[in-house]
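Have a look at work00.pdb below; it lists PDB, C-alpha atoms.
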ATOM      1  CA  MET A   1      63.484  90.773 121.097  1.00  0.00           C
ATOM      2  CA  ILE A   2      61.515  92.865 118.579  1.00  0.00           C
ATOM      3  CA  LYS A   3      64.707  93.761 116.696  1.00  0.00           C
ATOM      4  CA  GLU A   4      65.646  90.081 116.472  1.00  0.00           C
ATOM      5  CA  ALA A   5      62.155  89.084 115.279  1.00  0.00           C
ATOM      6  CA  LEU A   6      62.220  91.897 112.706  1.00  0.00           C
ATOM      7  CA  ASP A   7      65.643  90.859 111.420  1.00  0.00           C
ATOM      8  CA  ASN A   8      64.512  87.232 111.173  1.00  0.00           C
ATOM      9  CA  LEU A   9      61.457  88.252 109.157  1.00  0.00           C
ATOM     10  CA  LEU A  10      63.432  90.651 106.929  1.00  0.00           C
ATOM     11  CA  ASN A  11      65.946  87.907 106.173  1.00  0.00           C
ATOM     12  CA  SER A  12      63.308  85.287 105.417  1.00  0.00           C
ATOM     13  CA  ASP A  13      61.887  84.318 102.054  1.00  0.00           C
ATOM     14  CA  LEU A  14      58.658  86.092 103.066  1.00  0.00           C
ATOM     15  CA  VAL A  15      60.115  89.493 102.119  1.00  0.00           C
ATOM     16  CA  THR A  16      61.071  90.482  98.569  1.00  0.00           C
ATOM     17  CA  GLU A  17      64.621  91.656  97.966  1.00  0.00           C
ATOM     18  CA  LYS A  18      63.587  95.221  97.105  1.00  0.00           C
ATOM     19  CA  THR A  19      61.445  95.538 100.253  1.00  0.00           C
ATOM     20  CA  ARG A  20      64.315  94.100 102.330  1.00  0.00           C
ATOM     21  CA  GLN A  21      66.724  96.688 100.870  1.00  0.00           C
ATOM     22  CA  VAL A  22      64.390  99.637 101.509  1.00  0.00           C
ATOM     23  CA  LEU A  23      63.536  98.623 105.075  1.00  0.00           C
ATOM     24  CA  THR A  24      67.150  97.802 105.943  1.00  0.00           C
ATOM     25  CA  GLN A  25      68.198 101.229 104.641  1.00  0.00           C
ATOM     26  CA  ARG A  26      65.480 102.903 106.756  1.00  0.00           C
ATOM     27  CA  GLU A  27      66.550 100.917 109.798  1.00  0.00           C
ATOM     28  CA  ASN A  28      70.152 102.083 109.428  1.00  0.00           C
ATOM     29  CA  GLU A  29      69.466 105.792 108.704  1.00  0.00           C
ATOM     30  CA  ASN A  30      69.251 107.097 112.243  1.00  0.00           C
ATOM     31  CA  VAL A  31      72.154 109.542 112.021  1.00  0.00           C
ATOM     32  CA  ILE A  32      71.270 112.333 109.626  1.00  0.00           C
ATOM     33  CA  LEU A  33      72.933 115.670 110.279  1.00  0.00           C
ATOM     34  CA  PRO A  34      71.179 118.929 109.361  1.00  0.00           C
ATOM     35  CA  LYS A  35      71.912 120.430 105.965  1.00  0.00           C
ATOM     36  CA  PHE A  36      68.748 122.477 105.399  1.00  0.00           C
ATOM     37  CA  PHE A  37      67.954 123.714 108.917  1.00  0.00           C
ATOM     38  CA  THR A  38      70.186 125.668 111.252  1.00  0.00           C
ATOM     39  CA  GLU A  39      71.331 123.752 114.334  1.00  0.00           C
ATOM     40  CA  GLY A  40      68.725 125.551 116.484  1.00  0.00           C
ATOM     41  CA  GLU A  41      65.872 124.896 114.040  1.00  0.00           C
ATOM     42  CA  PHE A  42      66.902 121.257 113.721  1.00  0.00           C
ATOM     43  CA  THR A  43      67.083 120.779 117.501  1.00  0.00           C
ATOM     44  CA  LEU A  44      63.628 122.311 117.962  1.00  0.00           C
ATOM     45  CA  LEU A  45      62.099 120.277 115.104  1.00  0.00           C
ATOM     46  CA  GLN A  46      63.627 117.106 116.515  1.00  0.00           C
ATOM     47  CA  ALA A  47      62.307 117.817 120.011  1.00  0.00           C
ATOM     48  CA  VAL A  48      58.800 118.621 118.767  1.00  0.00           C
ATOM     49  CA  CYS A  49      58.610 115.603 116.443  1.00  0.00           C
ATOM     50  CA  ASP A  50      59.972 113.274 119.115  1.00  0.00           C
ATOM     51  CA  TYR A  51      57.367 114.612 121.528  1.00  0.00           C
ATOM     52  CA  LEU A  52      54.536 114.211 119.024  1.00  0.00           C
ATOM     53  CA  MET A  53      55.537 110.615 118.265  1.00  0.00           C
ATOM     54  CA  ALA A  54      56.171 109.812 121.960  1.00  0.00           C
ATOM     55  CA  GLN A  55      59.784 108.857 121.371  1.00  0.00           C
ATOM     56  CA  GLU A  56      61.450 111.134 123.893  1.00  0.00           C
ATOM     57  CA  ASP A  57      62.783 108.193 125.936  1.00  0.00           C
ATOM     58  CA  GLU A  58      63.571 105.734 123.146  1.00  0.00           C
ATOM     59  CA  HIS A  59      64.672 107.490 119.963  1.00  0.00           C
ATOM     60  CA  LEU A  60      63.890 105.031 117.153  1.00  0.00           C
ATOM     61  CA  VAL A  61      63.533 107.381 114.178  1.00  0.00           C
ATOM     62  CA  ASN A  62      65.403 110.556 113.277  1.00  0.00           C
ATOM     63  CA  ILE A  63      62.280 112.325 112.016  1.00  0.00           C
ATOM     64  CA  ALA A  64      63.883 115.782 111.881  1.00  0.00           C
ATOM     65  CA  GLY A  65      66.755 114.310 109.904  1.00  0.00           C
ATOM     66  CA  LYS A  66      64.367 112.802 107.360  1.00  0.00           C
ATOM     67  CA  ILE A  67      62.510 116.123 106.993  1.00  0.00           C
ATOM     68  CA  ASP A  68      65.807 118.012 106.703  1.00  0.00           C
ATOM     69  CA  GLN A  69      67.046 115.560 104.078  1.00  0.00           C
ATOM     70  CA  ARG A  70      63.840 115.900 102.043  1.00  0.00           C
ATOM     71  CA  LEU A  71      63.929 119.691 102.136  1.00  0.00           C
ATOM     72  CA  TYR A  72      67.660 119.841 101.344  1.00  0.00           C
ATOM     73  CA  ASN A  73      67.135 117.523  98.349  1.00  0.00           C
ATOM     74  CA  LYS A  74      64.060 119.547  97.311  1.00  0.00           C
ATOM     75  CA  SER A  75      61.980 116.405  97.067  1.00  0.00           C
ATOM     76  CA  GLY A  76      58.492 115.614  98.206  1.00  0.00           C
ATOM     77  CA  SER A  77      55.192 114.036  97.357  1.00  0.00           C
ATOM     78  CA  GLY A  78      54.268 116.702  94.813  1.00  0.00           C
ATOM     79  CA  TRP A  79      51.549 118.489  96.768  1.00  0.00           C
ATOM     80  CA  ARG A  80      51.422 121.235  99.344  1.00  0.00           C
ATOM     81  CA  TYR A  81      48.870 123.473 101.000  1.00  0.00           C
ATOM     82  CA  ASP A  82      48.240 126.423  98.706  1.00  0.00           C
ATOM     83  CA  GLN A  83      47.716 128.652 101.773  1.00  0.00           C
ATOM     84  CA  LEU A  84      51.285 127.933 102.919  1.00  0.00           C
ATOM     85  CA  PRO A  85      54.545 128.893 101.226  1.00  0.00           C
ATOM     86  CA  PRO A  86      56.768 126.095  99.847  1.00  0.00           C
ATOM     87  CA  ASP A  87      57.600 123.472 102.471  1.00  0.00           C
ATOM     88  CA  GLY A  88      61.092 124.763 103.290  1.00  0.00           C
ATOM     89  CA  VAL A  89      59.797 128.259 103.998  1.00  0.00           C
ATOM     90  CA  ALA A  90      56.780 126.834 105.837  1.00  0.00           C
ATOM     91  CA  TYR A  91      58.949 124.761 108.170  1.00  0.00           C
ATOM     92  CA  LYS A  92      61.354 127.620 108.928  1.00  0.00           C
ATOM     93  CA  THR A  93      58.432 129.994 109.550  1.00  0.00           C
ATOM     94  CA  GLY A  94      56.553 127.475 111.688  1.00  0.00           C
ATOM     95  CA  LEU A  95      59.621 126.713 113.789  1.00  0.00           C
ATOM     96  CA  LYS A  96      60.179 130.438 114.248  1.00  0.00           C
ATOM     97  CA  GLY A  97      56.575 130.727 115.440  1.00  0.00           C
ATOM     98  CA  ILE A  98      57.009 127.853 117.898  1.00  0.00           C
ATOM     99  CA  SER A  99      60.224 129.483 119.192  1.00  0.00           C
ATOM    100  CA  GLU A 100      58.334 132.746 119.728  1.00  0.00           C
ATOM    101  CA  GLU A 101      55.555 130.883 121.559  1.00  0.00           C
ATOM    102  CA  ILE A 102      58.152 129.301 123.849  1.00  0.00           C
ATOM    103  CA  LEU A 103      59.605 132.751 124.606  1.00  0.00           C
ATOM    104  CA  LEU A 104      56.132 134.070 125.454  1.00  0.00           C
ATOM    105  CA  LEU A 105      55.675 131.097 127.791  1.00  0.00           C
ATOM    106  CA  SER A 106      59.127 130.998 129.391  1.00  0.00           C
ATOM    107  CA  HIS A 107      62.756 131.467 128.480  1.00  0.00           C
ATOM    108  CA  GLN A 108      63.472 127.753 128.272  1.00  0.00           C
ATOM    109  CA  ASN A 109      64.050 125.258 125.494  1.00  0.00           C
ATOM    110  CA  PHE A 110      61.151 123.119 124.304  1.00  0.00           C
ATOM    111  CA  THR A 111      62.713 120.090 125.987  1.00  0.00           C
ATOM    112  CA  ASP A 112      62.801 121.950 129.331  1.00  0.00           C
ATOM    113  CA  LEU A 113      59.068 122.697 129.318  1.00  0.00           C
ATOM    114  CA  SER A 114      56.764 120.562 131.415  1.00  0.00           C
ATOM    115  CA  THR A 115      54.495 118.056 129.703  1.00  0.00           C
ATOM    116  CA  GLU A 116      51.536 120.343 130.368  1.00  0.00           C
ATOM    117  CA  GLN A 117      53.351 123.344 128.845  1.00  0.00           C
ATOM    118  CA  LYS A 118      54.331 121.320 125.755  1.00  0.00           C
ATOM    119  CA  ASN A 119      50.763 120.070 125.350  1.00  0.00           C
ATOM    120  CA  ASN A 120      49.288 123.549 125.728  1.00  0.00           C
ATOM    121  CA  LEU A 121      51.806 125.137 123.364  1.00  0.00           C
ATOM    122  CA  LEU A 122      51.298 122.549 120.627  1.00  0.00           C
ATOM    123  CA  LYS A 123      47.526 122.585 121.164  1.00  0.00           C
ATOM    124  CA  THR A 124      47.406 126.338 120.473  1.00  0.00           C
ATOM    125  CA  VAL A 125      49.401 125.807 117.274  1.00  0.00           C
ATOM    126  CA  GLN A 126      47.200 122.863 116.251  1.00  0.00           C
ATOM    127  CA  GLN A 127      44.022 124.827 116.867  1.00  0.00           C
ATOM    128  CA  GLY A 128      45.364 127.927 115.107  1.00  0.00           C
ATOM    129  CA  THR A 129      45.230 130.130 118.219  1.00  0.00           C
ATOM    130  CA  PRO A 130      48.868 130.960 119.090  1.00  0.00           C
ATOM    131  CA  LYS A 131      49.754 134.525 120.080  1.00  0.00           C
ATOM    132  CA  ALA A 132      53.252 135.061 118.621  1.00  0.00           C
ATOM    133  CA  GLU A 133      53.743 137.626 115.870  1.00  0.00           C
ATOM    134  CA  THR A 134      54.807 135.051 113.237  1.00  0.00           C
ATOM    135  CA  TRP A 135      51.372 133.439 113.234  1.00  0.00           C
ATOM    136  CA  LYS A 136      49.510 136.629 112.286  1.00  0.00           C
ATOM    137  CA  ASP A 137      50.064 136.035 108.546  1.00  0.00           C
ATOM    138  CA  PHE A 138      50.859 132.326 108.662  1.00  0.00           C
ATOM    139  CA  SER A 139      48.463 129.436 109.331  1.00  0.00           C
ATOM    140  CA  ALA A 140      49.571 127.702 112.509  1.00  0.00           C
ATOM    141  CA  LYS A 141      46.861 125.104 112.020  1.00  0.00           C
ATOM    142  CA  LEU A 142      48.040 124.096 108.532  1.00  0.00           C
ATOM    143  CA  PHE A 143      51.685 124.142 109.593  1.00  0.00           C
ATOM    144  CA  PHE A 144      50.912 121.817 112.503  1.00  0.00           C
ATOM    145  CA  GLU A 145      49.056 119.480 110.137  1.00  0.00           C
ATOM    146  CA  LEU A 146      51.983 119.521 107.687  1.00  0.00           C
ATOM    147  CA  MET A 147      54.514 118.766 110.423  1.00  0.00           C
ATOM    148  CA  LEU A 148      52.427 116.118 112.201  1.00  0.00           C
ATOM    149  CA  THR A 149      51.578 114.318 108.955  1.00  0.00           C
ATOM    150  CA  GLU A 150      55.197 114.164 107.845  1.00  0.00           C
ATOM    151  CA  ALA A 151      56.402 113.154 111.311  1.00  0.00           C
ATOM    152  CA  ALA A 152      53.863 110.306 111.435  1.00  0.00           C
ATOM    153  CA  GLU A 153      54.780 109.207 107.900  1.00  0.00           C
ATOM    154  CA  HIS A 154      58.490 108.955 108.713  1.00  0.00           C
ATOM    155  CA  PHE A 155      57.853 107.395 112.109  1.00  0.00           C
ATOM    156  CA  TYR A 156      55.464 104.654 111.012  1.00  0.00           C
ATOM    157  CA  SER A 157      57.419 103.798 107.866  1.00  0.00           C
ATOM    158  CA  HIS A 158      60.414 102.795 110.003  1.00  0.00           C
ATOM    159  CA  PRO A 159      60.719  99.003 110.319  1.00  0.00           C
ATOM    160  CA  LEU A 160      61.413  99.023 114.084  1.00  0.00           C
ATOM    161  CA  VAL A 161      58.247 101.022 114.707  1.00  0.00           C
ATOM    162  CA  GLN A 162      56.306  98.685 112.421  1.00  0.00           C
ATOM    163  CA  ALA A 163      57.670  95.725 114.364  1.00  0.00           C
ATOM    164  CA  GLU A 164      56.813  97.402 117.668  1.00  0.00           C
ATOM    165  CA  ILE A 165      53.149  97.675 116.630  1.00  0.00           C
ATOM    166  CA  ASN A 166      53.293  94.152 115.167  1.00  0.00           C
ATOM    167  CA  TYR A 167      52.770  95.322 111.589  1.00  0.00           C
ATOM    168  CA  THR A 168      54.169  92.775 109.152  1.00  0.00           C
ATOM    169  CA  GLY A 169      52.387  93.825 105.965  1.00  0.00           C
ATOM    170  CA  PHE A 170      55.778  94.343 104.324  1.00  0.00           C
ATOM    171  CA  ALA A 171      56.210  90.536 104.207  1.00  0.00           C
ATOM    172  CA  ASP A 172      55.015  90.683 100.629  1.00  0.00           C
ATOM    173  CA  ALA A 173      56.731  87.788  98.871  1.00  0.00           C
ATOM    174  CA  LYS A 174      54.063  85.157  99.513  1.00  0.00           C
ATOM    175  CA  GLY A 175      50.908  87.268  99.083  1.00  0.00           C
ATOM    176  CA  TRP A 176      48.619  88.455 101.866  1.00  0.00           C
ATOM    177  CA  ASP A 177      49.129  85.595 104.332  1.00  0.00           C
ATOM    178  CA  VAL A 178      51.115  87.826 106.680  1.00  0.00           C
ATOM    179  CA  PRO A 179      53.026  86.248 109.587  1.00  0.00           C
ATOM    180  CA  GLN A 180      52.964  87.538 113.174  1.00  0.00           C
ATOM    181  CA  LEU A 181      56.199  88.757 114.776  1.00  0.00           C
ATOM    182  CA  LYS A 182      55.443  87.405 118.239  1.00  0.00           C
TER
END

When written as C-alpha cells, how does the structure in this file appear?
Amino acid sequence: MIKEALDNLLNSDLVTEKTRQVLTQRENENVILPKFFTEGEFTLLQAVCDYLMAQEDEHLVNIAGKIDQRLYNKSGSGWRYDQLPPDGVAYKTGLKGISEEILLLSHQNFTDLSTEQKNNLLKTVQQGTPKAETWKDFSAKLFFELMLTEAAEHFYSHPLVQAEINYTGFADAKGWDVPQLK
C-alpha cells in the first residue's frame, strides 16, 4: 500500500520532474555490488548498517552498496574528521576493528550474534571503549559516528523509507502545501 501511494504521489503533478527522476533512481538502486570493499568487509558493513537502521527483516535500502559506491567513486560531501584518515581507510580500519571485536566475543559472524551481543559490541564502539588492537590508534567513537551518520543519510533519503514515515516534503511542485500519503 505504501509503495502504491508513493508511486501515485511521485507520478502526480505535485512532484517536479527532477525530483521524480532522483527519487525513482534511488528507489531502483537496491542492487549495488561491492567494488571498493572486499566481500567480507561489504557483508559486515551491510549487516551492521542494516542492524543500525532496523532493516534486518525488510531490506529497503542497500546502505553498504551506497557507501561502497561513494568510496569507489571517491566522492563525498567535502568534509571529514581530521582525527580520522580519509573515509576509505577509515571504513576499512573500522570494519577491521569490528571484526576483531567479534572474534574477542565469539567466533561467529555479526549476523549470528544475539541482539544483546550486537548491542553491546556496537555500544563499546560508539562509546570509544572497545578492546581490539585496531582501536588503540584509531577513534572508534568517531568511526561509529561517521558510519551511523552516513547510514542514516542513505536510509532516510530513500523514497520508500520516506513514505513509510509519511514524509512527503519532496512533493515540491506546488510549494509547501504538502499532501499526506495515507

**OP:** Show which residues sit within 9 Å of Gln126 (chain A), as a PyMOL selection string. Count all atoms listed in the file, and ignore same-chain residues fewer than 6 positions away.
**Re:** chain A and resi 140-145

Residues of region 17-76 of chain A that have any atom at most 10 Å from an atom of region 84-98 of chain A: could you tabulate them with the shortest-distance atom pair and the distance in Å to one decimal, using all atoms listed in the file, ordered by chain and increasing number, as a tab-separated table?
residue	atom	partner	partner_atom	distance
A:Phe36	CA	A:Gly88	CA	8.3
A:Phe37	CA	A:Lys92	CA	7.7
A:Thr38	CA	A:Lys92	CA	9.3
A:Gly40	CA	A:Leu95	CA	9.6
A:Glu41	CA	A:Leu95	CA	6.5
A:Phe42	CA	A:Leu95	CA	9.1
A:Leu44	CA	A:Leu95	CA	7.3
A:Leu45	CA	A:Leu95	CA	7.0
A:Val48	CA	A:Ile98	CA	9.4
A:Ile67	CA	A:Tyr91	CA	9.4
A:Asp68	CA	A:Gly88	CA	8.9
A:Arg70	CA	A:Gly88	CA	9.4
A:Leu71	CA	A:Gly88	CA	5.9
A:Tyr72	CA	A:Gly88	CA	8.4
A:Lys74	CA	A:Gly88	CA	8.5
A:Ser75	CA	A:Asp87	CA	9.9
A:Gly76	CA	A:Asp87	CA	9.0

Would you mind exporting C-alpha atoms of the selected residues as a short mmCIF file (atom, residue, chain, number, x, y, z; two decimals), in the frame of the given file?
data_model
loop_
_atom_site.label_atom_id
_atom_site.label_comp_id
_atom_site.auth_asym_id
_atom_site.auth_seq_id
_atom_site.Cartn_x
_atom_site.Cartn_y
_atom_site.Cartn_z
CA PHE A 36 68.75 122.48 105.40
CA PHE A 37 67.95 123.71 108.92
CA THR A 38 70.19 125.67 111.25
CA GLY A 40 68.72 125.55 116.48
CA GLU A 41 65.87 124.90 114.04
CA PHE A 42 66.90 121.26 113.72
CA LEU A 44 63.63 122.31 117.96
CA LEU A 45 62.10 120.28 115.10
CA VAL A 48 58.80 118.62 118.77
CA ILE A 67 62.51 116.12 106.99
CA ASP A 68 65.81 118.01 106.70
CA ARG A 70 63.84 115.90 102.04
CA LEU A 71 63.93 119.69 102.14
CA TYR A 72 67.66 119.84 101.34
CA LYS A 74 64.06 119.55 97.31
CA SER A 75 61.98 116.40 97.07
CA GLY A 76 58.49 115.61 98.21
#

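The closest residue to Thr129 (chain A), picked from A:Ala5, A:Glu101, A:Glu29, A:Thr115 and counting only C-alpha atoms, is A:Glu101.
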
**OP:** Check the smallest atom-to-atom distance from each of A:Met147, A:Ala47, A:Ile63, A:Ala132 to Tyr81 (chain A) using only C-alpha atoms, then report the winner.
**Re:** A:Met147

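Distances from A:Gln108, A:Asn119, A:Thr124, A:Asn62 to Glu153 (chain A) were compared using all atoms listed in the file, and the smallest one belongs to A:Asn62.
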
Size and centre in Å, one decimal, axis-aligned box, all listed region 36-45 of chain A atoms plus 8 Å per side, as lines of an AutoDock Vina configuration file:
center_x = 66.7
center_y = 123.0
center_z = 111.7
size_x = 25.2
size_y = 21.4
size_z = 28.6

Subject >> One-decimal distance in Å that lies between CA of Glu100 (chain A) and CA of Lys136 (chain A) >> reply: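 Going from CA of Lys136 (chain A) over to CA of Glu100 (chain A), I get 12.2 Å.
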
Subject >> Distance criterion (all atoms listed in the file): nearest to Leu160 (chain A) out of A:Leu10, A:Leu60, A:Val22, A:Leu33 >> reply: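 Under the stated criterion, the closest residue is A:Leu60.
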
**OP:** Find the residue from A:Glu58, A:Tyr51, A:Arg26, A:Trp79 that sits nearest to Leu122 (chain A); use all atoms listed in the file when measuring.
**Re:**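 Nearest to Leu122 (chain A): A:Tyr51.
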
Subject >> Answer key for the PyMOL selection byres ((chain A and resi 155) around 9), residues as a list in words >> reply: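 With the PyMOL selection byres ((chain A and resi 155) around 9) on this model, the match is Met53, Leu60, Val61, Asn62, Ile63, Glu150, Ala151, Ala152, Glu153, His154, Tyr156, Ser157, His158, Val161 and Gln162 of chain A.
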
**OP:** Evaluate the PyMOL selection byres ((chain A and resi 13) around 12) on the structure here and hand back the selected residues as a list of chain:residue names.
**Re:**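 Checked against the file, the PyMOL selection byres ((chain A and resi 13) around 12) matches A:Asn8, A:Leu9, A:Leu10, A:Asn11, A:Ser12, A:Leu14, A:Val15, A:Thr16, A:Glu17, A:Thr19, A:Arg20, A:Phe170, A:Ala171, A:Asp172, A:Ala173, A:Lys174, A:Gly175, A:Pro179.
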